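Structure record follows, encoded as structure tokens.
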Amino acid sequence: MSFDKERFKSPYSFLFGNMNLRTKTLLIISLVGFVLLAIAINSFFINVDNITTNFAIKNSQPSLQHPFGTDWMGRDMFSRTIKGLGLSIVIGGLASILSAIIAVFLGLSSTLGRYFDHAVNSMTDLFLSIPHILLIILVSISLGGGISGIVVGISLTHWIPLTRVLRAEIKQINTSTYVKLSKNFGRTKLWIAKNHLLPLLIPQIVVGTILVFPHAIMHEASVTFLGFGLSPHEPAIGIILAESMKYLSNGSWWLAFFPGLSLLIIVLLFDLIGDNLQKLLDPTQANE
Amino acid sequence: MFMAELKANNISFKYNGTNEWILKDLSISLKDSQVKGLIGESGGGKSTLCKILAGYEDYFEGEVKIDDLNTNSSKINPVQLIFQHPEKTMNPKWKMKRSLDESWEVSDDILEKFGIKENWLNRWSNELSGGELQKFSIIRALNPKTKFLIADEITTMLDAVTQVQIWKLLLSIAKKRKIGILVVSHDKELVHEVCDEIAHLNDINHV
């Protein structure tokens, strides 16, 4: 009996051919990474002053010249959206790196002793019990709004999952036989942290950081939409969406539809990168 | 000549939250160059005693001390424990070379004696068999500063040929370096074969 290869073919084989899972995962990560990087770099070169107001073409529908249409001042919505997405990616990046730093710091300090552990634990419980949006708005307002307010607000609310993962992971590694053996060979706590703990934690840190990205972007957009985040002259997606509300009733659907859709796509792309990186770095969890 | 002695006096141990003593008022001693056997039933507290002797267990009653003429100032514990399952004692993200170096810089002739091939050093721990890994963990425990070895069922999971090979080597090196070995096993024939003196856990443990 011959092996029926057709039966075991993946449903996506028309897309990826006969690549193995590892190549496929790498390909997805690099493609998505390239798209996100391209948006971020492109938006950097878009000068807001060059998005000219042109009242002759105000409120025009999506066309080849203006793929996302134009707004009530005749500005090209495509350029504005890309600029806004770039800003979102930068804010998301800053916020997730900052929250990862907080998480690593707290995770490592939970090993210093029982009281440190209790302190870290009660702090995660405390922050977990406050609604995210509320805390972000409070922090953002108290820091005077703007990018720094949003970034600090998001990072202060998003270190919790990573801290919990790291704390549990460190506890598990510290009770392993090879760490105890290391102590018996006369190695110091610092040496063990550097040589045993950190290399085993890096996958968790990388994946945890990237998975904060989509949350950060969504929260940035929603807080800005509510008017507590970035100031109105900033070309952010939240601002664009808030402005478009006024023009939805007279039929300008493209003002909200395309920026909202692109924000959603960006968030999904980051999620895709995070999931695939996790598969690559931590194969034992790929089936969960 | 008498150089050093590992002494455990009146050791008592029970797990936190239970009232049942695993070990009670147990005393045992091990001189250097001595090979002593310890026989006991499963669940009798053999491994617990090993962990206490090698300093892996902090909460127990009694004392473990080393009478040593040469005052030992190094940080490395002179009592090294070799475990039954070597795969648990290797960091899975380290290559074998690094695992060895964590203890000491092993000379080539020892590697050759144990039959460790050069390319094994560049492998991950999950790419070696149980017997090969156990050889690594024995070499690692044979740090120049090691005075006593606690061998907790170290060849139980190996085939007869490898068992003989490992014990022959271990005994000859121990003799040369004046290392005392506590051979813990429930395999009576093995213990009778390799040991000068045999203790039964049931006799010395007053549970």
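Each chain in the structure tokens gets a letter, A, B, ..., in the order shown, and its residues are numbered from 1; ligands are numbered from 1 in order too.
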_Within 7 Å of chain B: residues of chain A, using only C-alpha atoms, as a list in words_ = Thr177, Tyr178, Asn184, Phe185 and Gly186 of chain A
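Within 9 Å of A:Asn121, once only C-alpha atoms are used and residues closer than 4 positions along the same chain are dropped, the contacting residues are Ser110, Phe116, Asp117, Asp125, Leu126 and Arg164 of chain A.
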Just the selected residues (C-alpha atoms), exported as a short mmCIF file (atom, residue, chain, number, x, y, z; two decimals), in the first residue's frame, please.
```cif
data_model
loop_
_atom_site.label_atom_id
_atom_site.label_comp_id
_atom_site.auth_asym_id
_atom_site.auth_seq_id
_atom_site.Cartn_x
_atom_site.Cartn_y
_atom_site.Cartn_z
CA SER A 110 10.77 38.30 43.48
CA PHE A 116 10.09 40.64 48.02
CA ASP A 117 8.04 37.81 46.60
CA ASP A 125 -2.93 41.52 42.28
CA LEU A 126 -3.48 45.21 42.97
CA ARG A 164 3.66 36.46 36.45
#
```
_Option closest in space to A:Leu264, from A:Lys180, A:Met73, A:Ser30, A:Ser88 [counting only C-alpha atoms]_ = A:Ser88
*For the atom pair atom CA of A:Gly153 and atom CA of A:Val223, what is the interatomic distance in Å to one decimal place?*
10.3 Å
_Can you tell me which residues surround A:Thr70 at a distance of at most 10 Å, considering only C-alpha atoms, apart from same-chain residues fewer than 3 positions away, and format the answer as a list in words?_
Thr53, Asn54, Phe55, Ile57, Lys58, Asn59, Ser60, Gln61, Pro62, Ser63, His66, Pro67, Met73, Gly74, Arg75, Asp76, Met77, Phe78, Ser79, Arg80, Ser252, Trp254 and Leu255 of chain A
Residue selection dump (C-alpha atoms) as a tab-separated table (two decimals), in the first residue's frame:
```
chain	number	residue	atom	x	y	z
A	53	THR	CA	-5.86	70.97	2.43
A	54	ASN	CA	-7.62	71.21	-0.88
A	55	PHE	CA	-11.26	72.20	-0.58
A	57	ILE	CA	-11.77	67.71	-3.51
A	58	LYS	CA	-13.25	67.71	0.01
A	59	ASN	CA	-15.26	64.67	1.10
A	60	SER	CA	-14.47	62.73	-2.05
A	61	GLN	CA	-15.03	58.99	-2.09
A	62	PRO	CA	-12.19	56.46	-2.30
A	63	SER	CA	-10.64	56.52	-5.77
A	66	HIS	CA	-7.03	58.83	-3.00
A	67	PRO	CA	-7.43	55.16	-2.02
A	73	MET	CA	-10.74	69.67	4.28
A	74	GLY	CA	-9.75	67.68	1.22
A	75	ARG	CA	-6.75	66.00	2.90
A	76	ASP	CA	-5.67	62.61	1.62
A	77	MET	CA	-6.84	60.05	4.18
A	78	PHE	CA	-4.32	57.43	3.05
A	79	SER	CA	-1.32	59.55	4.05
A	80	ARG	CA	-2.98	60.53	7.31
A	252	SER	CA	-18.66	59.76	4.69
A	254	TRP	CA	-14.60	55.92	4.40
A	255	LEU	CA	-13.34	58.34	7.04
```
*Which of stretch 82-207 of chain B DSSP labels strand (DSSP E or B), written as a list in words*: Ile82, Lys95, Trp124, Phe148, Leu149, Ile150, Ala151, Asp152, Gly180, Ile181, Leu182, Val183, Val184, Ser185, Glu197, Ile198, Ala199 and His200 of chain B
So that I can check the surroundings of A:His158, please list as an mmCIF file with C-alpha atoms, in the first residue's frame every protein, DNA and RNA residue that reaches within 12 Å of it, counting only C-alpha atoms and ignoring chain neighbours fewer than 2 positions away.
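Once everything was written out, this is result-v1.cif:
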```cif
data_model
loop_
_atom_site.group_PDB
_atom_site.id
_atom_site.type_symbol
_atom_site.label_atom_id
_atom_site.label_comp_id
_atom_site.auth_asym_id
_atom_site.auth_seq_id
_atom_site.Cartn_x
_atom_site.Cartn_y
_atom_site.Cartn_z
ATOM 1 C CA GLY A 92 3.395 50.558 21.049
ATOM 2 C CA ALA A 95 5.305 51.067 25.835
ATOM 3 C CA SER A 96 5.992 47.350 25.408
ATOM 4 C CA ILE A 97 9.746 47.713 25.921
ATOM 5 C CA LEU A 98 9.148 49.799 29.038
ATOM 6 C CA SER A 99 6.642 47.301 30.426
ATOM 7 C CA ALA A 100 9.030 44.424 29.682
ATOM 8 C CA ILE A 101 11.762 46.215 31.653
ATOM 9 C CA ILE A 102 9.385 46.605 34.595
ATOM 10 C CA ALA A 103 8.392 42.934 34.322
ATOM 11 C CA THR A 124 0.364 42.265 40.531
ATOM 12 C CA PHE A 127 -2.811 46.305 39.393
ATOM 13 C CA LEU A 128 -4.848 43.414 38.044
ATOM 14 C CA ILE A 130 -7.901 48.103 38.462
ATOM 15 C CA PRO A 131 -9.493 48.433 35.012
ATOM 16 C CA HIS A 132 -6.765 49.147 32.444
ATOM 17 C CA ILE A 133 -8.516 51.985 30.650
ATOM 18 C CA LEU A 135 -5.596 53.665 35.041
ATOM 19 C CA ILE A 136 -4.242 54.673 31.632
ATOM 20 C CA VAL A 151 3.453 55.442 27.005
ATOM 21 C CA VAL A 152 3.877 55.564 30.790
ATOM 22 C CA GLY A 153 0.203 54.819 31.327
ATOM 23 C CA ILE A 154 0.261 51.764 29.069
ATOM 24 C CA SER A 155 3.507 50.382 30.448
ATOM 25 C CA LEU A 156 2.305 50.800 34.035
ATOM 26 C CA ILE A 160 1.449 42.085 34.814
ATOM 27 C CA PRO A 161 1.175 38.993 32.568
ATOM 28 C CA LEU A 162 4.892 38.910 31.786
ATOM 29 C CA THR A 163 5.827 39.403 35.441
ATOM 30 C CA ARG A 164 3.659 36.464 36.445
ATOM 31 C CA GLY A 208 5.909 38.654 26.114
ATOM 32 C CA THR A 209 7.185 42.002 24.846
ATOM 33 C CA ILE A 210 5.804 41.522 21.352
ATOM 34 C CA LEU A 211 2.431 40.330 22.617
ATOM 35 C CA VAL A 212 2.048 43.588 24.577
ATOM 36 C CA PHE A 213 2.290 45.532 21.283
ATOM 37 C CA PRO A 214 -1.311 44.969 20.080
ATOM 38 C CA HIS A 215 -2.719 45.840 23.505
ATOM 39 C CA ALA A 216 -0.656 48.991 23.632
ATOM 40 C CA ILE A 217 -1.772 50.105 20.169
ATOM 41 C CA HIS A 219 -5.327 51.235 24.199
#
```
*Determine which residues of stretch 58-199 of chain A DSSP labels as helix (DSSP H, G or I) from the backbone of this structure, then write them out as a PyMOL selection string.*
chain A and resi 77-109+114-129+132-142+146-157+160-174+177-184+189-199
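Atom CA of B:Ile181 is found 5.9 Å from atom CA of B:Ile150.
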_Under the rule that only C-alpha atoms are counted, which of B:Leu100, B:Leu128, B:Ile39, B:Leu190 is the nearest residue to B:Thr156?_
B:Leu190
Residues at most 12 Å from B:Lys135, counting only C-alpha atoms, excluding those fewer than 2 positions away in the same chain, as a tab-separated table (two decimals) with C-alpha atoms, in the first residue's frame?
```
chain	number	residue	atom	x	y	z
B	82	ILE	CA	25.83	12.04	42.07
B	83	PHE	CA	22.19	11.58	41.22
B	84	GLN	CA	20.27	8.63	39.90
B	85	HIS	CA	18.89	10.58	36.94
B	86	PRO	CA	21.72	12.50	35.22
B	87	GLU	CA	19.42	14.14	32.68
B	96	MET	CA	28.06	19.25	27.56
B	100	LEU	CA	31.61	20.11	32.68
B	110	ILE	CA	40.11	11.46	32.26
B	111	LEU	CA	37.75	11.98	29.33
B	112	GLU	CA	39.60	9.27	27.46
B	113	LYS	CA	39.45	6.89	30.42
B	114	PHE	CA	35.71	7.25	30.63
B	115	GLY	CA	35.44	6.74	26.89
B	116	ILE	CA	33.99	10.15	26.17
B	117	LYS	CA	34.37	11.09	22.56
B	120	TRP	CA	30.08	14.54	22.59
B	128	LEU	CA	23.20	11.66	24.72
B	129	SER	CA	22.05	8.42	26.28
B	130	GLY	CA	21.55	7.87	30.01
B	131	GLY	CA	24.85	6.04	30.43
B	132	GLU	CA	26.81	8.70	28.57
B	133	LEU	CA	25.20	11.44	30.64
B	137	SER	CA	27.94	13.78	35.81
B	138	ILE	CA	30.49	11.53	37.52
B	139	ILE	CA	33.40	13.36	35.91
B	140	ARG	CA	31.81	16.64	36.91
B	141	ALA	CA	31.57	15.50	40.52
B	142	LEU	CA	35.24	14.49	40.52
B	154	ILE	CA	24.14	5.95	40.13
B	155	THR	CA	24.23	2.80	38.00
B	158	LEU	CA	22.51	1.21	33.28
B	162	THR	CA	28.54	0.01	31.60
B	163	GLN	CA	27.99	-0.60	35.33
B	165	GLN	CA	33.14	0.00	33.54
B	166	ILE	CA	31.93	2.96	35.59
B	167	TRP	CA	32.56	1.37	38.98
B	169	LEU	CA	37.05	3.66	36.96
B	170	LEU	CA	35.40	5.41	39.86
```
*atom CA of B:Tyr59 and atom CA of B:Asn19 are how many Å apart?*
14.5 Å
